[in-house]
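Shown next, in structure tokens, is the structure this report addresses.
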Amino acid sequence: MDFEKLAELLFPEIDKTPDYYEELYPERGLPEGARVTRFAPSPTGYLHIGGLFSGLISKLTADVSGGNFYLRIEDTDKKREVEDGVSGIVKGLCDFGIDITEGVTGFETEAGNYGPYTQSKRAAIYQCFAKDLVKKGLAYPCFCTADEVQAIRDKQEAEGVLPGYYGEYAVCRSLSFDEIKANIDAGKPYVVRLKSQGSPDGKITFDDMIKGKIEMPQNIVDVVILKTDGIPTYHFAHCIDDHLMRTTHVVRGDEWISSVPTHIELFKACGFKVPKYAHIAPIMKLDDGNKRKLSKRKDPEAAVEFYSEQGFPKESVLEYLYTLANSNFEDWRRANKDATLSEFPFNLKKMSVSGALFDLMKFNDISKNVICVKDADWVLERTLSWAEQYDKEFFELFSADKAKAREILNIDRENPKPRKDLAKWSDVPEYVAYFYDEIYTPDFDVLPENINRADAVAVLRAYKDAFNIADDKDTWFGRMKDLCEPLGFTPNVKEYKANPDAYKGHIGDVSTIIRVALTSRTNTPDLYYIIKILGEAEVMKRIDSAISAWEK
Ligand code: GLU
């Protein structure tokens with residue numbers, strides 16, 4: 001067979017040779033050890049938390065080595081594509097701290113010298129390399145229809161052998177030039193297949209950066225590299241793109257491990273250096289005691305929109321993804337409380353081999369830790385931008401008096417041990433509700449059972465008489481203590497505990513009475529500041545309502 005002639009017959013319009021592209025996309029000239037990685041999603045318009053995780057791992061792999069990270073869009077499978085499925089992905093990455101400086105940067109936009117970074121725009125490149133494989137006798141056209149391929153599979157199943165288009169079953173391997181030409185002249189559609197050189201007893205081994213050394217049988221299947229429309233399969237596009245974009249480390253989901261033998265054969269057939277692989281296990285979840293993959297269908301937290309809608313700060317999401325990424329991260333964080341995430345020495349080798357467990361409760365706690373150390377302006381700004389998008393009514397209310405909103409968010413915030421009330425911005429409306437008559441519904445029934453309502457009324461009346469809005473914190477607290485004894489309470493908790501029958505309650509109960517009257521809650525941040533923000537008129541009004549409720 002004259003392979004040159006066959007290549008011309010199949011690809012008459014391809015006039016470039018691989019050398020042209022090798023020169024167009026030269027080695028990146030990075031320092032020794034610098035890694036080039038990518039995130040390569042399909043444009044489904046949906047970013048799974050697992051996608052964000054693998055994008056992050058990929059970026060960190062590059063960042064810690066002083067290398068490059070880029071975003072490539074893999075749109076060769078038109079069935080999975082949605083209209084402008086790109087913007088959502090880029091926004092999702094960017095919202096959670098993964099800025100794209102190379103590759104696809106938005107709908108129809110890109111940056112960098114190794115583009116186009118969208119596979120559907122690279123057809124001529126793939127065809128050039130496919131043509132070269134045909135020239136070398138390492139690829140051939142296959143005219144089998146889907147039914148014929150299925151019939152081969154059925155036969156293999158009956159014979160109990162490995163299914164697939166290979167060896168003696170690969171009927172189009174042995175077509176002559178004239179037969180091929182006649183098929184083409186007759187307008188028969190065809191795919192281009194790799195002519196596998198693998199042997200059934202051969203093995204390949206590779207060192208996965210996460211999973212360790214892996215040995216697998218060689219590929220022997222003549223996989224499709226170009227589909228009937230000239231568009232490559234994932235396998236071929238991966239090989240060409242990662243070579244020409246000079247990727248050094250392919251970081252991707254571990255569902256691709258089974259394809260590595262095919263990929264290694266393709267890299268070798270094209271004469272390319274095989275990149276290093278790092279296969280990430282999927283994020284798992286405990287469901288009724290069983291570990292399973294986080295699922296787009298069952299788990300709302302699988303979509304990154306969930307985090308935006310709920311108003312989790314990107315800092316919390318990132319902090320949590322780091323804990324999933326490297327098991328030593330939490331110890332590092334304890335020892336480096338104020339360090340930025342970029343100071344963490346991320347290591348691919350410390351990733352979980354079997355899949356890190358996603359725990360929403362733990363994530364909430366981490367988010368509370370992240371938020372509690374931020375200042376009120378930081379919290380206010382983010383709460384408002386969340387509310388503007390997801391809770392318009394609250395936005396109107398909360399932004400109407402920003403100084404008040406800031407004061408509310410600042411209560412107890414500057415303490416050495418700040419309270420951990422907020423995990424996400426959607427917690428804020430409920431958290432601040434009692435400061436706003438518009439959304440506050442009093443519920444005086446929350447008064448604890450151990451407090452007698454008549455005693456509570458007496459405390460409120462005495463408190464009203466003693467009240468002075470101008471009091472500083474110590475004077476205010478002093479007044480509360482002074483209320484105790486005449487009403488049968490004690491300012492001294494220890495004393496109460498030693499002799500509970502001698503008192504109606506202690507200072508804590510007195511504050512609870514006032515707290516419930518003013519906020520309908522038994523647990524709030526510092527009552528003194530709440531009173532300052534509510535102001536005298538509102539405090540008096542609420543105390544009067546509580547008195548009438550408890551007097552009934
Ligand atoms: N486009 C592939 C996917 O969405 C990416 C695999 C890879 O990263 O190589 O699964």
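As shown in the structure tokens, the chain order sets the letters A, B, ...; within each chain, residues go from 1, and ligands are also counted from 1 in the order they appear.
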
Please report as CSV every residue of chain A lying within 8 Å of ligand 1, along with the nearest atom pair and their distance in Å (one decimal), using only C-alpha atoms and all ligand atoms.
residue,atom,partner,partner_atom_place_in_ligand_line,distance
A:Arg38,CA,ligand 1,8 (O),7.4
A:Phe39,CA,ligand 1,8 (O),5.9
A:Ala40,CA,ligand 1,8 (O),4.7
A:Pro41,CA,ligand 1,4 (O),4.0
A:Ser42,CA,ligand 1,4 (O),4.6
A:Ile73,CA,ligand 1,1 (N),7.3
A:Glu74,CA,ligand 1,1 (N),5.0
A:Asp75,CA,ligand 1,1 (N),7.7
A:Tyr234,CA,ligand 1,1 (N),7.1
A:His238,CA,ligand 1,9 (O),6.1
A:Val250,CA,ligand 1,9 (O),6.8
A:Val251,CA,ligand 1,8 (O),6.4
A:Arg252,CA,ligand 1,8 (O),4.3
A:Gly253,CA,ligand 1,8 (O),6.7
A:Trp256,CA,ligand 1,6 (C),7.2

Practice prompt. Return as number ranges by chain the full set of residues in region 258-458 of chain A whose backbone-based DSSP assignment is alpha helix (DSSP H).
Written response: A: 260-270, 304-310, 314-325, 329-335, 360-372, 376-390, 392-400, 402-410, 428-432, 453-458

Discussion item. Let me make sure I understand: among A:Ala186, A:Leu93, A:Leu175, A:Met209, which one has the smallest atom-to-atom distance to Glu305 (chain A) if we use only C-alpha atoms?
Written reply: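 Looking at the shortest contact to Glu305 (chain A), the residue is A:Leu93.
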
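Taking CA of Ile530 (chain A) as the reference point, CA of Glu407 (chain A) is found at 9.3 Å.
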
Item to complete: Pick out the residues sitting within 9 Å of region 472-487 of chain A, and hand them over as number ranges by chain; count only C-alpha atoms, and ignore anything fewer than 4 positions along from it in its own chain.
Response: A: 455, 458-459, 462-463, 466-468, 491-492, 503-507, 510-511, 528-529

Worksheet entry | Distance query Arg246 (chain A) at most 12 Å, only C-alpha atoms, self and fewer than 6 positions along chain excluded, as a count of residues only | 29

Practice prompt. Based on DSSP run over this structure's backbone, return all residues of region 18-236 of chain A in strand (DSSP E or B), as a ChimeraX atom specification.
Written response: /A:36-39,48,68-71,73,103-106,109-111,118,139-142,191-194,203-208,212-217,224-226,232

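If you look at CA of Leu286 (chain A) and CA of Asp365 (chain A), they are 17.6 Å away from each other.
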
Worksheet item: Please, what distance in Å, to one decimal, runs between CA of Ala62 (chain A) and CA of Ala269 (chain A)?
Response: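 Spanning CA of Ala62 (chain A) to CA of Ala269 (chain A) is a straight-line distance of 27.3 Å.
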
Discussion item. Need the shell around Lys349 (chain A): protein/DNA/RNA residues with any atom at most 10 Å away, counting only C-alpha atoms. Skip same-chain ones fewer than 6 positions apart. Format as a PyMOL selection string?
Written reply: chain A and resi 208-212+278+326

Keeping only N, CA and C atoms, write the selected residues to a file as a PDB file, in the first residue's frame.
ATOM      1  N   ASP A 208       1.441   7.171  38.041  1.00  0.00           N
ATOM      2  CA  ASP A 208       0.441   8.216  38.236  1.00  0.00           C
ATOM      3  C   ASP A 208       0.855   9.042  39.454  1.00  0.00           C
ATOM      4  N   MET A 209       0.799  10.376  39.308  1.00  0.00           N
ATOM      5  CA  MET A 209       1.266  11.246  40.389  1.00  0.00           C
ATOM      6  C   MET A 209       0.400  11.120  41.640  1.00  0.00           C
ATOM      7  N   ILE A 210      -0.848  10.673  41.477  1.00  0.00           N
ATOM      8  CA  ILE A 210      -1.724  10.512  42.649  1.00  0.00           C
ATOM      9  C   ILE A 210      -1.850   9.044  43.033  1.00  0.00           C
ATOM     10  N   LYS A 211      -2.071   8.207  42.037  1.00  0.00           N
ATOM     11  CA  LYS A 211      -2.388   6.797  42.339  1.00  0.00           C
ATOM     12  C   LYS A 211      -1.148   5.911  42.473  1.00  0.00           C
ATOM     13  N   GLY A 212       0.004   6.420  42.035  1.00  0.00           N
ATOM     14  CA  GLY A 212       1.215   5.594  42.109  1.00  0.00           C
ATOM     15  C   GLY A 212       1.410   4.776  40.838  1.00  0.00           C
ATOM     16  N   ALA A 278      -2.006  12.615  36.387  1.00  0.00           N
ATOM     17  CA  ALA A 278      -2.433  12.652  37.797  1.00  0.00           C
ATOM     18  C   ALA A 278      -3.945  12.478  37.765  1.00  0.00           C
ATOM     19  N   ASN A 326      -5.587  18.108  50.282  1.00  0.00           N
ATOM     20  CA  ASN A 326      -4.405  17.590  50.977  1.00  0.00           C
ATOM     21  C   ASN A 326      -4.737  17.375  52.443  1.00  0.00           C
TER      22      ASN A 326
END

Item to complete: Compile the contact shell of Asp2 (chain A) as a PyMOL selection string: residues with an atom at most 12 Å away, counting only C-alpha atoms, same-chain residues fewer than 6 positions apart removed.
Response: chain A and resi 8-9+134-137+140+176-178

Take the residues from that selection and put them in a file with N, CA and C atoms, as a short mmCIF file (atom, residue, chain, number, x, y, z; two decimals), in the first residue's frame.
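For reference, result_20.cif as written:
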data_model
loop_
_atom_site.label_atom_id
_atom_site.label_comp_id
_atom_site.auth_asym_id
_atom_site.auth_seq_id
_atom_site.Cartn_x
_atom_site.Cartn_y
_atom_site.Cartn_z
N GLU A 8 -3.12 11.40 0.84
CA GLU A 8 -3.58 12.47 -0.06
C GLU A 8 -5.04 12.26 -0.46
N LEU A 9 -5.39 10.99 -0.66
CA LEU A 9 -6.77 10.69 -1.04
C LEU A 9 -7.74 11.09 0.09
N VAL A 134 -1.68 8.35 8.86
CA VAL A 134 -2.02 7.53 7.68
C VAL A 134 -0.76 7.34 6.83
N LYS A 135 -0.03 8.44 6.65
CA LYS A 135 1.21 8.40 5.87
C LYS A 135 2.19 7.38 6.42
N LYS A 136 2.22 7.30 7.76
CA LYS A 136 3.16 6.37 8.41
C LYS A 136 2.60 4.95 8.50
N GLY A 137 1.40 4.76 7.94
CA GLY A 137 0.78 3.43 8.00
C GLY A 137 0.24 3.10 9.38
N TYR A 140 -5.95 4.31 9.41
CA TYR A 140 -6.61 3.92 8.16
C TYR A 140 -8.10 4.26 8.21
N SER A 176 -7.75 -2.60 0.22
CA SER A 176 -6.70 -2.11 -0.69
C SER A 176 -6.98 -0.65 -1.04
N PHE A 177 -6.01 -0.01 -1.63
CA PHE A 177 -6.18 1.39 -2.03
C PHE A 177 -7.39 1.51 -2.96
N ASP A 178 -7.51 0.58 -3.89
CA ASP A 178 -8.62 0.68 -4.86
C ASP A 178 -9.98 0.51 -4.19
#

Discussion item. Excluding Phe395 (chain A) and its own-chain neighbours fewer than 2 positions away, which residues fall within 12 Å of it when counting only C-alpha atoms? Please give them as a ChimeraX atom specification.
Written reply: /A:380-393,397-402,405,425-426,428-429

Produce a file of the selected residues containing N, CA, C and O atoms, as a compact mmCIF listing (two decimals), in the first residue's frame.
# COMPACT_ATOMS: atom_id res chain seq x y z
N LEU A 380 -20.36 43.00 55.27
CA LEU A 380 -21.47 43.79 54.74
C LEU A 380 -21.44 43.83 53.21
O LEU A 380 -22.45 43.59 52.55
N GLU A 381 -20.27 44.10 52.68
CA GLU A 381 -20.15 44.22 51.23
C GLU A 381 -20.62 42.94 50.53
O GLU A 381 -21.37 42.96 49.56
N ARG A 382 -20.18 41.80 51.07
CA ARG A 382 -20.54 40.53 50.43
C ARG A 382 -22.00 40.15 50.66
O ARG A 382 -22.65 39.59 49.79
N THR A 383 -22.48 40.50 51.85
CA THR A 383 -23.90 40.21 52.11
C THR A 383 -24.75 40.99 51.12
O THR A 383 -25.70 40.46 50.54
N LEU A 384 -24.39 42.27 50.94
CA LEU A 384 -25.20 43.10 50.04
C LEU A 384 -25.11 42.61 48.60
O LEU A 384 -26.13 42.54 47.91
N SER A 385 -23.93 42.21 48.16
CA SER A 385 -23.90 41.79 46.76
C SER A 385 -24.59 40.45 46.57
O SER A 385 -25.21 40.21 45.54
N TRP A 386 -24.56 39.60 47.58
CA TRP A 386 -25.36 38.37 47.50
C TRP A 386 -26.86 38.73 47.46
O TRP A 386 -27.60 38.25 46.60
N ALA A 387 -27.29 39.59 48.40
CA ALA A 387 -28.72 39.91 48.52
C ALA A 387 -29.23 40.59 47.26
O ALA A 387 -30.35 40.34 46.81
N GLU A 388 -28.41 41.44 46.69
CA GLU A 388 -28.85 42.16 45.49
C GLU A 388 -29.25 41.16 44.40
O GLU A 388 -30.18 41.38 43.63
N GLN A 389 -28.54 40.04 44.35
CA GLN A 389 -28.85 39.06 43.33
C GLN A 389 -29.91 38.04 43.76
O GLN A 389 -30.74 37.63 42.97
N TYR A 390 -29.87 37.63 45.01
CA TYR A 390 -30.71 36.48 45.39
C TYR A 390 -31.84 36.79 46.37
O TYR A 390 -32.68 35.95 46.61
N ASP A 391 -31.83 37.99 46.97
CA ASP A 391 -32.90 38.30 47.92
C ASP A 391 -33.13 39.82 47.88
O ASP A 391 -32.71 40.55 48.76
N LYS A 392 -33.85 40.24 46.84
CA LYS A 392 -34.05 41.66 46.55
C LYS A 392 -34.69 42.41 47.73
O LYS A 392 -34.27 43.50 48.08
N GLU A 393 -35.71 41.78 48.33
CA GLU A 393 -36.42 42.44 49.40
C GLU A 393 -35.48 42.75 50.58
O GLU A 393 -35.47 43.85 51.12
N LEU A 397 -34.04 46.43 52.27
CA LEU A 397 -34.10 46.69 53.70
C LEU A 397 -32.71 46.94 54.29
O LEU A 397 -32.47 47.92 55.01
N PHE A 398 -31.79 46.08 53.96
CA PHE A 398 -30.48 46.09 54.60
C PHE A 398 -29.59 47.20 54.06
O PHE A 398 -28.74 47.73 54.77
N SER A 399 -29.81 47.56 52.80
CA SER A 399 -28.94 48.59 52.22
C SER A 399 -29.48 50.00 52.49
O SER A 399 -28.78 50.98 52.25
N ALA A 400 -30.73 50.09 52.99
CA ALA A 400 -31.32 51.42 53.19
C ALA A 400 -30.52 52.22 54.22
O ALA A 400 -30.38 53.43 54.10
N ASP A 401 -29.99 51.55 55.23
CA ASP A 401 -29.18 52.25 56.23
C ASP A 401 -27.92 51.41 56.46
O ASP A 401 -27.89 50.53 57.32
N LYS A 402 -26.92 51.71 55.66
CA LYS A 402 -25.72 50.85 55.70
C LYS A 402 -24.96 50.98 57.01
O LYS A 402 -24.33 50.02 57.47
N ALA A 405 -26.61 48.65 59.31
CA ALA A 405 -26.30 47.27 58.92
C ALA A 405 -24.89 46.91 59.38
O ALA A 405 -24.63 45.83 59.91
N TRP A 425 -24.19 33.95 53.41
CA TRP A 425 -24.92 35.23 53.41
C TRP A 425 -26.42 35.02 53.53
O TRP A 425 -27.13 35.88 54.03
N SER A 426 -26.92 33.85 53.13
CA SER A 426 -28.36 33.63 53.29
C SER A 426 -28.73 33.39 54.75
O SER A 426 -29.90 33.32 55.09
N VAL A 428 -27.90 35.67 56.93
CA VAL A 428 -27.95 37.02 57.49
C VAL A 428 -29.39 37.52 57.72
O VAL A 428 -29.68 38.05 58.80
N PRO A 429 -30.31 37.36 56.75
CA PRO A 429 -31.66 37.90 56.98
C PRO A 429 -32.27 37.41 58.29
O PRO A 429 -32.81 38.21 59.08

Worksheet entry | Proximity to Pro313 (chain A) - best of A:Leu52, A:Leu341, A:Leu422, A:Ala376, only C-alpha atoms | A:Leu422

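Considering the residues A:His48, A:Lys155, A:Lys213, A:Lys5 and counting only C-alpha atoms, Asp132 (chain A) has its shortest atom-to-atom contact with A:Lys5.
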